[in-house]
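Next comes input22.txt, a file with compact mmCIF, N, CA and C atoms.
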# COMPACT_ATOMS: atom_id res chain seq x y z
N MET A 1 46.25 81.51 138.63
CA MET A 1 46.84 82.79 138.86
C MET A 1 48.13 82.64 139.66
N LEU A 2 48.18 81.61 140.47
CA LEU A 2 49.41 81.35 141.21
C LEU A 2 50.56 81.09 140.25
N THR A 3 50.31 80.36 139.18
CA THR A 3 51.36 80.08 138.19
C THR A 3 51.86 81.37 137.56
N ALA A 4 50.95 82.25 137.16
CA ALA A 4 51.34 83.54 136.57
C ALA A 4 52.16 84.34 137.56
N TYR A 5 51.73 84.34 138.81
CA TYR A 5 52.46 85.06 139.84
C TYR A 5 53.87 84.49 140.02
N LEU A 6 53.99 83.18 140.10
CA LEU A 6 55.30 82.55 140.28
C LEU A 6 56.24 82.83 139.11
N VAL A 7 55.71 82.75 137.90
CA VAL A 7 56.52 83.00 136.70
C VAL A 7 56.99 84.45 136.70
N SER A 8 56.09 85.39 137.00
CA SER A 8 56.43 86.81 136.99
C SER A 8 57.40 87.18 138.10
N ILE A 9 57.11 86.75 139.30
CA ILE A 9 57.94 87.14 140.44
C ILE A 9 59.32 86.49 140.35
N GLY A 10 59.37 85.26 139.83
CA GLY A 10 60.66 84.61 139.63
C GLY A 10 61.51 85.34 138.62
N ALA A 11 60.90 85.78 137.52
CA ALA A 11 61.63 86.53 136.50
C ALA A 11 62.09 87.88 137.05
N GLU A 12 61.23 88.54 137.80
CA GLU A 12 61.57 89.84 138.38
C GLU A 12 62.73 89.72 139.36
N ALA A 13 62.77 88.62 140.10
CA ALA A 13 63.83 88.40 141.09
C ALA A 13 65.11 87.84 140.45
N GLY A 14 65.04 87.51 139.15
CA GLY A 14 66.21 86.96 138.48
C GLY A 14 66.45 85.49 138.79
N LEU A 15 65.42 84.81 139.27
CA LEU A 15 65.55 83.39 139.58
C LEU A 15 65.28 82.56 138.33
N GLU A 16 66.04 81.50 138.19
CA GLU A 16 65.85 80.62 137.04
C GLU A 16 64.98 79.45 137.44
N VAL A 17 63.93 79.25 136.66
CA VAL A 17 63.06 78.10 136.85
C VAL A 17 63.57 77.01 135.92
N PRO A 18 63.70 75.78 136.39
CA PRO A 18 64.15 74.72 135.49
C PRO A 18 63.31 74.68 134.21
N ASN A 19 63.98 74.44 133.07
CA ASN A 19 63.32 74.51 131.77
C ASN A 19 62.06 73.67 131.67
N GLN A 20 62.10 72.45 132.17
CA GLN A 20 60.93 71.58 132.07
C GLN A 20 59.75 72.16 132.84
N ALA A 21 60.00 72.67 134.03
CA ALA A 21 58.92 73.26 134.83
C ALA A 21 58.42 74.55 134.18
N LEU A 22 59.33 75.38 133.69
CA LEU A 22 58.94 76.63 133.04
C LEU A 22 58.10 76.36 131.79
N GLU A 23 58.48 75.34 131.05
CA GLU A 23 57.74 74.98 129.84
C GLU A 23 56.31 74.54 130.19
N ARG A 24 56.18 73.76 131.24
CA ARG A 24 54.84 73.31 131.68
C ARG A 24 54.00 74.50 132.16
N MET A 25 54.63 75.42 132.89
CA MET A 25 53.90 76.57 133.41
C MET A 25 53.47 77.50 132.28
N THR A 26 54.37 77.81 131.35
CA THR A 26 54.01 78.71 130.26
C THR A 26 52.99 78.05 129.33
N SER A 27 53.08 76.75 129.14
CA SER A 27 52.09 76.04 128.33
C SER A 27 50.71 76.12 128.97
N GLY A 28 50.66 75.95 130.27
CA GLY A 28 49.39 76.05 131.00
C GLY A 28 48.82 77.45 130.95
N LEU A 29 49.68 78.46 131.10
CA LEU A 29 49.22 79.84 131.04
C LEU A 29 48.68 80.18 129.65
N LYS A 30 49.39 79.72 128.62
CA LYS A 30 48.94 79.98 127.26
C LYS A 30 47.59 79.28 127.01
N GLY A 31 47.46 78.07 127.50
CA GLY A 31 46.20 77.33 127.37
C GLY A 31 45.05 78.04 128.08
N PHE A 32 45.35 78.64 129.22
CA PHE A 32 44.33 79.40 129.95
C PHE A 32 43.87 80.61 129.14
N VAL A 33 44.83 81.37 128.60
CA VAL A 33 44.48 82.56 127.83
C VAL A 33 43.69 82.18 126.58
N GLU A 34 44.06 81.08 125.95
CA GLU A 34 43.38 80.62 124.74
C GLU A 34 42.02 79.99 125.03
N GLY A 35 41.74 79.70 126.30
CA GLY A 35 40.45 79.12 126.67
C GLY A 35 40.45 77.60 126.71
N ARG A 36 41.62 76.98 126.55
CA ARG A 36 41.70 75.52 126.58
C ARG A 36 41.79 74.99 128.00
N VAL A 37 42.22 75.81 128.94
CA VAL A 37 42.33 75.43 130.35
C VAL A 37 41.32 76.26 131.12
N ASN A 38 40.39 75.60 131.76
CA ASN A 38 39.36 76.29 132.53
C ASN A 38 39.45 75.90 133.98
N ARG A 39 39.40 76.89 134.84
CA ARG A 39 39.36 76.64 136.27
C ARG A 39 38.03 77.17 136.77
N THR A 40 37.30 76.31 137.43
CA THR A 40 36.02 76.73 137.98
C THR A 40 36.21 77.13 139.44
N SER A 41 35.33 77.98 139.89
CA SER A 41 35.38 78.45 141.26
C SER A 41 33.97 78.44 141.83
N SER A 42 33.87 78.26 143.10
CA SER A 42 32.55 78.30 143.73
C SER A 42 32.06 79.74 143.84
N LEU A 43 32.97 80.69 143.67
CA LEU A 43 32.60 82.10 143.69
C LEU A 43 32.51 82.63 142.27
N PRO A 44 31.37 83.16 141.88
CA PRO A 44 31.27 83.73 140.53
C PRO A 44 32.05 85.04 140.47
N THR A 45 32.92 85.16 139.47
CA THR A 45 33.71 86.39 139.32
C THR A 45 33.63 86.85 137.88
N SER A 46 33.88 88.12 137.69
CA SER A 46 33.86 88.68 136.34
C SER A 46 35.24 89.22 135.97
N ASP A 47 36.27 88.61 136.51
CA ASP A 47 37.62 89.13 136.30
C ASP A 47 38.43 88.28 135.32
N LEU A 48 37.77 87.58 134.42
CA LEU A 48 38.48 86.70 133.49
C LEU A 48 39.51 87.48 132.67
N THR A 49 39.13 88.64 132.16
CA THR A 49 40.06 89.44 131.37
C THR A 49 41.27 89.86 132.21
N VAL A 50 41.04 90.25 133.44
CA VAL A 50 42.15 90.67 134.32
C VAL A 50 43.09 89.49 134.57
N ARG A 51 42.54 88.31 134.77
CA ARG A 51 43.37 87.12 134.98
C ARG A 51 44.13 86.76 133.71
N LYS A 52 43.51 86.93 132.55
CA LYS A 52 44.20 86.66 131.29
C LYS A 52 45.33 87.67 131.07
N ILE A 53 45.11 88.92 131.41
CA ILE A 53 46.17 89.94 131.29
C ILE A 53 47.35 89.55 132.18
N MET A 54 47.07 89.09 133.38
CA MET A 54 48.13 88.67 134.29
C MET A 54 48.92 87.50 133.69
N ALA A 55 48.22 86.56 133.09
CA ALA A 55 48.88 85.42 132.45
C ALA A 55 49.71 85.87 131.25
N LEU A 56 49.17 86.77 130.44
CA LEU A 56 49.91 87.29 129.29
C LEU A 56 51.17 88.04 129.72
N GLU A 57 51.07 88.76 130.82
CA GLU A 57 52.24 89.48 131.32
C GLU A 57 53.34 88.50 131.71
N ALA A 58 52.97 87.42 132.38
CA ALA A 58 53.94 86.39 132.76
C ALA A 58 54.55 85.75 131.52
N LEU A 59 53.73 85.44 130.51
CA LEU A 59 54.24 84.85 129.28
C LEU A 59 55.19 85.80 128.55
N SER A 60 54.86 87.08 128.54
CA SER A 60 55.70 88.05 127.82
C SER A 60 57.10 88.17 128.43
N ARG A 61 57.23 87.86 129.70
CA ARG A 61 58.54 87.92 130.36
C ARG A 61 59.51 86.85 129.83
N HIS A 62 58.95 85.81 129.24
CA HIS A 62 59.77 84.70 128.77
C HIS A 62 59.77 84.57 127.25
N GLY A 63 59.35 85.61 126.58
CA GLY A 63 59.41 85.63 125.12
C GLY A 63 58.43 84.70 124.43
N VAL A 64 57.40 84.28 125.13
CA VAL A 64 56.39 83.43 124.50
C VAL A 64 55.57 84.29 123.55
N PRO A 65 55.42 83.89 122.29
CA PRO A 65 54.64 84.69 121.35
C PRO A 65 53.19 84.81 121.80
N ILE A 66 52.73 86.04 121.96
CA ILE A 66 51.37 86.24 122.47
C ILE A 66 50.49 87.06 121.54
N ILE A 67 51.06 87.59 120.47
CA ILE A 67 50.28 88.44 119.56
C ILE A 67 49.05 87.71 119.05
N ASP A 68 49.22 86.45 118.67
CA ASP A 68 48.10 85.71 118.10
C ASP A 68 47.02 85.35 119.11
N ILE A 69 47.30 85.47 120.41
CA ILE A 69 46.27 85.16 121.40
C ILE A 69 45.71 86.41 122.07
N LEU A 70 46.16 87.59 121.65
CA LEU A 70 45.60 88.82 122.21
C LEU A 70 44.12 88.96 121.87
N GLY A 71 43.69 88.34 120.78
CA GLY A 71 42.29 88.41 120.38
C GLY A 71 41.35 87.70 121.33
N SER A 72 41.90 86.95 122.28
CA SER A 72 41.03 86.23 123.22
C SER A 72 40.55 87.14 124.35
N ILE A 73 41.03 88.38 124.37
CA ILE A 73 40.57 89.32 125.40
C ILE A 73 40.03 90.58 124.74
N THR A 74 39.12 91.22 125.42
CA THR A 74 38.59 92.49 124.95
C THR A 74 39.50 93.58 125.49
N LEU A 75 40.09 94.35 124.58
CA LEU A 75 41.05 95.37 124.97
C LEU A 75 40.33 96.67 125.33
N GLU A 76 39.95 96.78 126.59
CA GLU A 76 39.30 97.96 127.13
C GLU A 76 39.99 98.38 128.42
N PRO A 77 41.25 98.82 128.32
CA PRO A 77 42.02 99.10 129.54
C PRO A 77 41.42 100.18 130.44
N ASN A 78 40.60 101.06 129.89
CA ASN A 78 40.00 102.09 130.73
C ASN A 78 38.99 101.50 131.72
N LEU A 79 38.51 100.28 131.43
CA LEU A 79 37.55 99.61 132.31
C LEU A 79 38.24 98.67 133.30
N TRP A 80 39.54 98.45 133.10
CA TRP A 80 40.28 97.51 133.95
C TRP A 80 40.74 98.17 135.23
N PRO A 81 40.99 97.37 136.27
CA PRO A 81 41.62 97.92 137.46
C PRO A 81 43.05 98.36 137.15
N THR A 82 43.58 99.23 137.95
CA THR A 82 44.91 99.79 137.71
C THR A 82 45.97 98.70 137.60
N SER A 83 45.87 97.66 138.39
CA SER A 83 46.87 96.58 138.33
C SER A 83 46.91 95.95 136.95
N ALA A 84 45.75 95.78 136.31
CA ALA A 84 45.70 95.20 134.97
C ALA A 84 46.27 96.16 133.94
N VAL A 85 46.05 97.46 134.11
CA VAL A 85 46.61 98.45 133.18
C VAL A 85 48.13 98.44 133.28
N ILE A 86 48.65 98.31 134.48
CA ILE A 86 50.10 98.24 134.67
C ILE A 86 50.66 96.97 134.01
N ASP A 87 49.98 95.85 134.19
CA ASP A 87 50.40 94.60 133.52
C ASP A 87 50.34 94.78 132.01
N TRP A 88 49.29 95.40 131.51
CA TRP A 88 49.12 95.63 130.07
C TRP A 88 50.27 96.47 129.53
N ARG A 89 50.63 97.51 130.27
CA ARG A 89 51.76 98.36 129.86
C ARG A 89 53.06 97.55 129.82
N SER A 90 53.25 96.69 130.78
CA SER A 90 54.45 95.83 130.80
C SER A 90 54.47 94.90 129.59
N ILE A 91 53.32 94.35 129.25
CA ILE A 91 53.23 93.48 128.07
C ILE A 91 53.63 94.27 126.82
N LEU A 92 53.04 95.44 126.67
CA LEU A 92 53.30 96.26 125.49
C LEU A 92 54.76 96.63 125.34
N ARG A 93 55.45 96.82 126.44
CA ARG A 93 56.88 97.19 126.37
C ARG A 93 57.74 96.03 125.90
N ARG A 94 57.21 94.80 125.96
CA ARG A 94 58.01 93.61 125.61
C ARG A 94 57.69 93.02 124.25
N ILE A 95 56.61 93.44 123.60
CA ILE A 95 56.21 92.79 122.36
C ILE A 95 56.35 93.71 121.16
N GLU A 96 56.45 93.09 120.00
CA GLU A 96 56.43 93.81 118.73
C GLU A 96 55.03 93.63 118.17
N TRP A 97 54.34 94.75 117.92
CA TRP A 97 52.96 94.71 117.46
C TRP A 97 52.66 96.02 116.76
N SER A 98 51.90 95.96 115.69
CA SER A 98 51.62 97.17 114.91
C SER A 98 50.88 98.23 115.74
N GLU A 99 50.08 97.82 116.71
CA GLU A 99 49.33 98.76 117.55
C GLU A 99 50.06 99.12 118.84
N ARG A 100 51.26 98.63 119.00
CA ARG A 100 51.99 98.78 120.26
C ARG A 100 52.09 100.24 120.73
N ASP A 101 52.60 101.13 119.89
CA ASP A 101 52.82 102.51 120.32
C ASP A 101 51.51 103.20 120.68
N LYS A 102 50.49 102.99 119.89
CA LYS A 102 49.17 103.58 120.17
C LYS A 102 48.63 103.07 121.49
N ARG A 103 48.71 101.77 121.70
CA ARG A 103 48.19 101.16 122.93
C ARG A 103 49.02 101.56 124.15
N LEU A 104 50.32 101.73 123.96
CA LEU A 104 51.19 102.17 125.06
C LEU A 104 50.85 103.60 125.47
N ARG A 105 50.62 104.47 124.51
CA ARG A 105 50.21 105.86 124.83
C ARG A 105 48.88 105.86 125.57
N GLU A 106 47.96 105.00 125.14
CA GLU A 106 46.65 104.89 125.79
C GLU A 106 46.81 104.44 127.24
N ALA A 107 47.62 103.44 127.48
CA ALA A 107 47.84 102.94 128.85
C ALA A 107 48.50 104.01 129.71
N ASP A 108 49.48 104.72 129.16
CA ASP A 108 50.13 105.80 129.91
C ASP A 108 49.12 106.89 130.29
N HIS A 109 48.26 107.23 129.34
CA HIS A 109 47.23 108.25 129.58
C HIS A 109 46.28 107.81 130.70
N ILE A 110 45.87 106.56 130.66
CA ILE A 110 44.96 106.03 131.68
C ILE A 110 45.62 106.08 133.05
N LEU A 111 46.87 105.65 133.12
CA LEU A 111 47.57 105.66 134.41
C LEU A 111 47.76 107.08 134.94
N ARG A 112 48.15 108.01 134.06
CA ARG A 112 48.31 109.40 134.49
C ARG A 112 46.98 109.98 134.99
N ALA A 113 45.89 109.64 134.32
CA ALA A 113 44.58 110.15 134.72
C ALA A 113 44.17 109.60 136.09
N ARG A 114 44.69 108.47 136.47
CA ARG A 114 44.34 107.86 137.75
C ARG A 114 45.25 108.29 138.90
N LEU A 115 46.30 109.02 138.58
CA LEU A 115 47.19 109.49 139.64
C LEU A 115 46.50 110.54 140.50
N ASN A 116 46.77 110.48 141.78
CA ASN A 116 46.14 111.39 142.72
C ASN A 116 47.22 111.96 143.64
N PHE A 117 47.44 113.27 143.57
CA PHE A 117 48.40 113.94 144.43
C PHE A 117 47.66 114.60 145.59
N GLN A 118 48.08 114.30 146.81
CA GLN A 118 47.52 114.96 147.99
C GLN A 118 48.66 115.25 148.95
N GLY A 119 49.03 116.51 149.01
CA GLY A 119 50.16 116.90 149.86
C GLY A 119 51.43 116.24 149.38
N THR A 120 52.02 115.41 150.20
CA THR A 120 53.25 114.71 149.82
C THR A 120 52.98 113.27 149.41
N THR A 121 51.73 112.93 149.21
CA THR A 121 51.35 111.56 148.89
C THR A 121 50.93 111.45 147.43
N LEU A 122 51.45 110.43 146.77
CA LEU A 122 51.06 110.13 145.40
C LEU A 122 50.49 108.72 145.39
N GLY A 123 49.32 108.58 144.84
CA GLY A 123 48.67 107.26 144.76
C GLY A 123 47.77 107.22 143.54
N PHE A 124 47.08 106.14 143.38
CA PHE A 124 46.12 106.03 142.30
C PHE A 124 44.73 106.32 142.85
N SER A 125 43.94 106.99 142.05
CA SER A 125 42.58 107.35 142.49
C SER A 125 41.71 106.11 142.71
N THR A 126 42.15 104.99 142.16
CA THR A 126 41.39 103.75 142.30
C THR A 126 41.72 103.00 143.59
N GLU A 127 42.73 103.48 144.33
CA GLU A 127 43.10 102.82 145.59
C GLU A 127 42.14 103.21 146.69
N LYS A 128 41.90 102.27 147.58
CA LYS A 128 41.07 102.59 148.73
C LYS A 128 41.97 103.17 149.81
N GLY A 129 41.51 104.22 150.41
CA GLY A 129 42.30 104.93 151.41
C GLY A 129 42.12 104.37 152.71
If you convert what's in this file into structure tokens, what do you get?
Amino acid sequence: MLTAYLVSIGAEAGLEVPNQALERMTSGLKGFVEGRVNRTSSLPTSDLTVRKIMALEALSRHGVPIIDILGSITLEPNLWPTSAVIDWRSILRRIEWSERDKRLREADHILRARLNFQGTTLGFSTEKG
């Protein structure tokens, strides 16, 4: 996940990663999403889909073709945490896919449904106060 974070934050900041390093990082991220790279943890977690979405978002920033590996995740954004829905929306805005517009509307609807207005504060209903 650190690799996905570094790739995403570097792209957002406009920083250039040397080609050789970027190629190794995107190759590793793609391998993770495809299930060829496994990282074990002493803590059992059920966030594999969320981590794959994060990796796909990082890959989409660099034009790596991801349509063929979307099948490796179950597309149930209403069950995902808000951060994953935001990443999913970012992915959808960058790719060409026959289901793109439908899935983008779905993500927008989910995010709007999670918005919470209280006085002058706007947040997501999934945030802890």
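Secondary structure from DSSP on the backbone puts alpha helix (DSSP H) at the following positions of stretch 3-39 of chain A: A:Thr3, A:Ala4, A:Tyr5, A:Leu6, A:Val7, A:Ser8, A:Ile9, A:Gly10, A:Ala11, A:Glu12, A:Ala13, A:Asn19, A:Gln20, A:Ala21, A:Leu22, A:Glu23, A:Arg24, A:Met25, A:Thr26, A:Ser27, A:Gly28, A:Leu29, A:Lys30, A:Gly31, A:Phe32, A:Val33, A:Glu34.
The shortest atom-to-atom distance to A:His62, with only C-alpha atoms taken into account, belongs to A:Gly10 out of A:Gly123, A:Arg105, A:Gly10, A:Glu99.
Here atom N of A:Val64 and atom CA of A:Pro18 stand 15.6 Å from one another.
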Worksheet item: Near A:Leu56, within 8 Å and counting all atoms listed in the file, which residues show up once chain neighbours fewer than 2 positions away are dropped, as JSON, numbers by chain?
Response: {"A": [4, 29, 30, 33, 50, 51, 52, 53, 54, 58, 59, 60, 61, 66, 87, 88, 90, 91]}
Worksheet entry | Residues near A:Thr82, cut-off 10 Å, only C-alpha atoms, skip fewer than 3 positions along chain, as a VMD selection string | chain A and resid 77 to 79 85 to 88 107 110 to 111 114 124 to 127
Would you output that residue set with N, CA and C atoms, as a PDB file, in the frame of the given file?
ATOM      1  N   PRO A  77      41.250  98.820 128.320  1.00  0.00           N
ATOM      2  CA  PRO A  77      42.020  99.100 129.540  1.00  0.00           C
ATOM      3  C   PRO A  77      41.420 100.180 130.440  1.00  0.00           C
ATOM      4  N   ASN A  78      40.600 101.060 129.890  1.00  0.00           N
ATOM      5  CA  ASN A  78      40.000 102.090 130.730  1.00  0.00           C
ATOM      6  C   ASN A  78      38.990 101.500 131.720  1.00  0.00           C
ATOM      7  N   LEU A  79      38.510 100.280 131.430  1.00  0.00           N
ATOM      8  CA  LEU A  79      37.550  99.610 132.310  1.00  0.00           C
ATOM      9  C   LEU A  79      38.240  98.670 133.300  1.00  0.00           C
ATOM     10  N   VAL A  85      46.050  97.460 134.110  1.00  0.00           N
ATOM     11  CA  VAL A  85      46.610  98.450 133.180  1.00  0.00           C
ATOM     12  C   VAL A  85      48.130  98.440 133.280  1.00  0.00           C
ATOM     13  N   ILE A  86      48.650  98.310 134.480  1.00  0.00           N
ATOM     14  CA  ILE A  86      50.100  98.240 134.670  1.00  0.00           C
ATOM     15  C   ILE A  86      50.660  96.970 134.010  1.00  0.00           C
ATOM     16  N   ASP A  87      49.980  95.850 134.190  1.00  0.00           N
ATOM     17  CA  ASP A  87      50.400  94.600 133.520  1.00  0.00           C
ATOM     18  C   ASP A  87      50.340  94.780 132.010  1.00  0.00           C
ATOM     19  N   TRP A  88      49.290  95.400 131.510  1.00  0.00           N
ATOM     20  CA  TRP A  88      49.120  95.630 130.070  1.00  0.00           C
ATOM     21  C   TRP A  88      50.270  96.470 129.530  1.00  0.00           C
ATOM     22  N   ALA A 107      47.620 103.440 127.480  1.00  0.00           N
ATOM     23  CA  ALA A 107      47.840 102.940 128.850  1.00  0.00           C
ATOM     24  C   ALA A 107      48.500 104.010 129.710  1.00  0.00           C
ATOM     25  N   ILE A 110      45.870 106.560 130.660  1.00  0.00           N
ATOM     26  CA  ILE A 110      44.960 106.030 131.680  1.00  0.00           C
ATOM     27  C   ILE A 110      45.620 106.080 133.050  1.00  0.00           C
ATOM     28  N   LEU A 111      46.870 105.650 133.120  1.00  0.00           N
ATOM     29  CA  LEU A 111      47.570 105.660 134.410  1.00  0.00           C
ATOM     30  C   LEU A 111      47.760 107.080 134.940  1.00  0.00           C
ATOM     31  N   ARG A 114      44.690 108.470 136.470  1.00  0.00           N
ATOM     32  CA  ARG A 114      44.340 107.860 137.750  1.00  0.00           C
ATOM     33  C   ARG A 114      45.250 108.290 138.900  1.00  0.00           C
ATOM     34  N   PHE A 124      47.080 106.140 143.380  1.00  0.00           N
ATOM     35  CA  PHE A 124      46.120 106.030 142.300  1.00  0.00           C
ATOM     36  C   PHE A 124      44.730 106.320 142.850  1.00  0.00           C
ATOM     37  N   SER A 125      43.940 106.990 142.050  1.00  0.00           N
ATOM     38  CA  SER A 125      42.580 107.350 142.490  1.00  0.00           C
ATOM     39  C   SER A 125      41.710 106.110 142.710  1.00  0.00           C
ATOM     40  N   THR A 126      42.150 104.990 142.160  1.00  0.00           N
ATOM     41  CA  THR A 126      41.390 103.750 142.300  1.00  0.00           C
ATOM     42  C   THR A 126      41.720 103.000 143.590  1.00  0.00           C
ATOM     43  N   GLU A 127      42.730 103.480 144.330  1.00  0.00           N
ATOM     44  CA  GLU A 127      43.100 102.820 145.590  1.00  0.00           C
ATOM     45  C   GLU A 127      42.140 103.210 146.690  1.00  0.00           C
TER      46      GLU A 127
END
Discussion item. I'd like the interatomic distance between atom CA of A:Glu34 and atom CA of A:Thr74, to a tenth of an Å.
Written reply: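 Separation between atom CA of A:Glu34 and atom CA of A:Thr74: 12.8 Å.
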Could I see stretch 84-98 of chain A restored to N, CA, C and O atoms, set down as an mmCIF file, in the coordinates of the input?
data_model
loop_
_atom_site.group_PDB
_atom_site.id
_atom_site.type_symbol
_atom_site.label_atom_id
_atom_site.label_comp_id
_atom_site.auth_asym_id
_atom_site.auth_seq_id
_atom_site.Cartn_x
_atom_site.Cartn_y
_atom_site.Cartn_z
ATOM 1 N N ALA A 84 45.750 95.780 136.310
ATOM 2 C CA ALA A 84 45.700 95.200 134.970
ATOM 3 C C ALA A 84 46.270 96.160 133.940
ATOM 4 O O ALA A 84 46.931 95.729 132.984
ATOM 5 N N VAL A 85 46.050 97.460 134.110
ATOM 6 C CA VAL A 85 46.610 98.450 133.180
ATOM 7 C C VAL A 85 48.130 98.440 133.280
ATOM 8 O O VAL A 85 48.834 98.526 132.263
ATOM 9 N N ILE A 86 48.650 98.310 134.480
ATOM 10 C CA ILE A 86 50.100 98.240 134.670
ATOM 11 C C ILE A 86 50.660 96.970 134.010
ATOM 12 O O ILE A 86 51.686 97.015 133.331
ATOM 13 N N ASP A 87 49.980 95.850 134.190
ATOM 14 C CA ASP A 87 50.400 94.600 133.520
ATOM 15 C C ASP A 87 50.340 94.780 132.010
ATOM 16 O O ASP A 87 51.244 94.340 131.285
ATOM 17 N N TRP A 88 49.290 95.400 131.510
ATOM 18 C CA TRP A 88 49.120 95.630 130.070
ATOM 19 C C TRP A 88 50.270 96.470 129.530
ATOM 20 O O TRP A 88 50.840 96.194 128.491
ATOM 21 N N ARG A 89 50.630 97.510 130.270
ATOM 22 C CA ARG A 89 51.760 98.360 129.860
ATOM 23 C C ARG A 89 53.060 97.550 129.820
ATOM 24 O O ARG A 89 53.867 97.710 128.906
ATOM 25 N N SER A 90 53.250 96.690 130.780
ATOM 26 C CA SER A 90 54.450 95.830 130.800
ATOM 27 C C SER A 90 54.470 94.900 129.590
ATOM 28 O O SER A 90 55.520 94.680 128.989
ATOM 29 N N ILE A 91 53.320 94.350 129.250
ATOM 30 C CA ILE A 91 53.230 93.480 128.070
ATOM 31 C C ILE A 91 53.630 94.270 126.820
ATOM 32 O O ILE A 91 54.449 93.813 126.023
ATOM 33 N N LEU A 92 53.040 95.440 126.670
ATOM 34 C CA LEU A 92 53.300 96.260 125.490
ATOM 35 C C LEU A 92 54.760 96.630 125.340
ATOM 36 O O LEU A 92 55.277 96.726 124.222
ATOM 37 N N ARG A 93 55.450 96.820 126.440
ATOM 38 C CA ARG A 93 56.880 97.190 126.370
ATOM 39 C C ARG A 93 57.740 96.030 125.900
ATOM 40 O O ARG A 93 58.860 96.222 125.478
ATOM 41 N N ARG A 94 57.210 94.800 125.960
ATOM 42 C CA ARG A 94 58.010 93.610 125.610
ATOM 43 C C ARG A 94 57.690 93.020 124.250
ATOM 44 O O ARG A 94 58.390 92.129 123.809
ATOM 45 N N ILE A 95 56.610 93.440 123.600
ATOM 46 C CA ILE A 95 56.210 92.790 122.360
ATOM 47 C C ILE A 95 56.350 93.710 121.160
ATOM 48 O O ILE A 95 56.398 94.931 121.296
ATOM 49 N N GLU A 96 56.450 93.090 120.000
ATOM 50 C CA GLU A 96 56.430 93.810 118.730
ATOM 51 C C GLU A 96 55.030 93.630 118.170
ATOM 52 O O GLU A 96 54.576 92.505 117.957
ATOM 53 N N TRP A 97 54.340 94.750 117.920
ATOM 54 C CA TRP A 97 52.960 94.710 117.460
ATOM 55 C C TRP A 97 52.660 96.020 116.760
ATOM 56 O O TRP A 97 53.117 97.088 117.203
ATOM 57 N N SER A 98 51.900 95.960 115.690
ATOM 58 C CA SER A 98 51.620 97.170 114.910
ATOM 59 C C SER A 98 50.880 98.230 115.740
ATOM 60 O O SER A 98 51.048 99.420 115.502
#
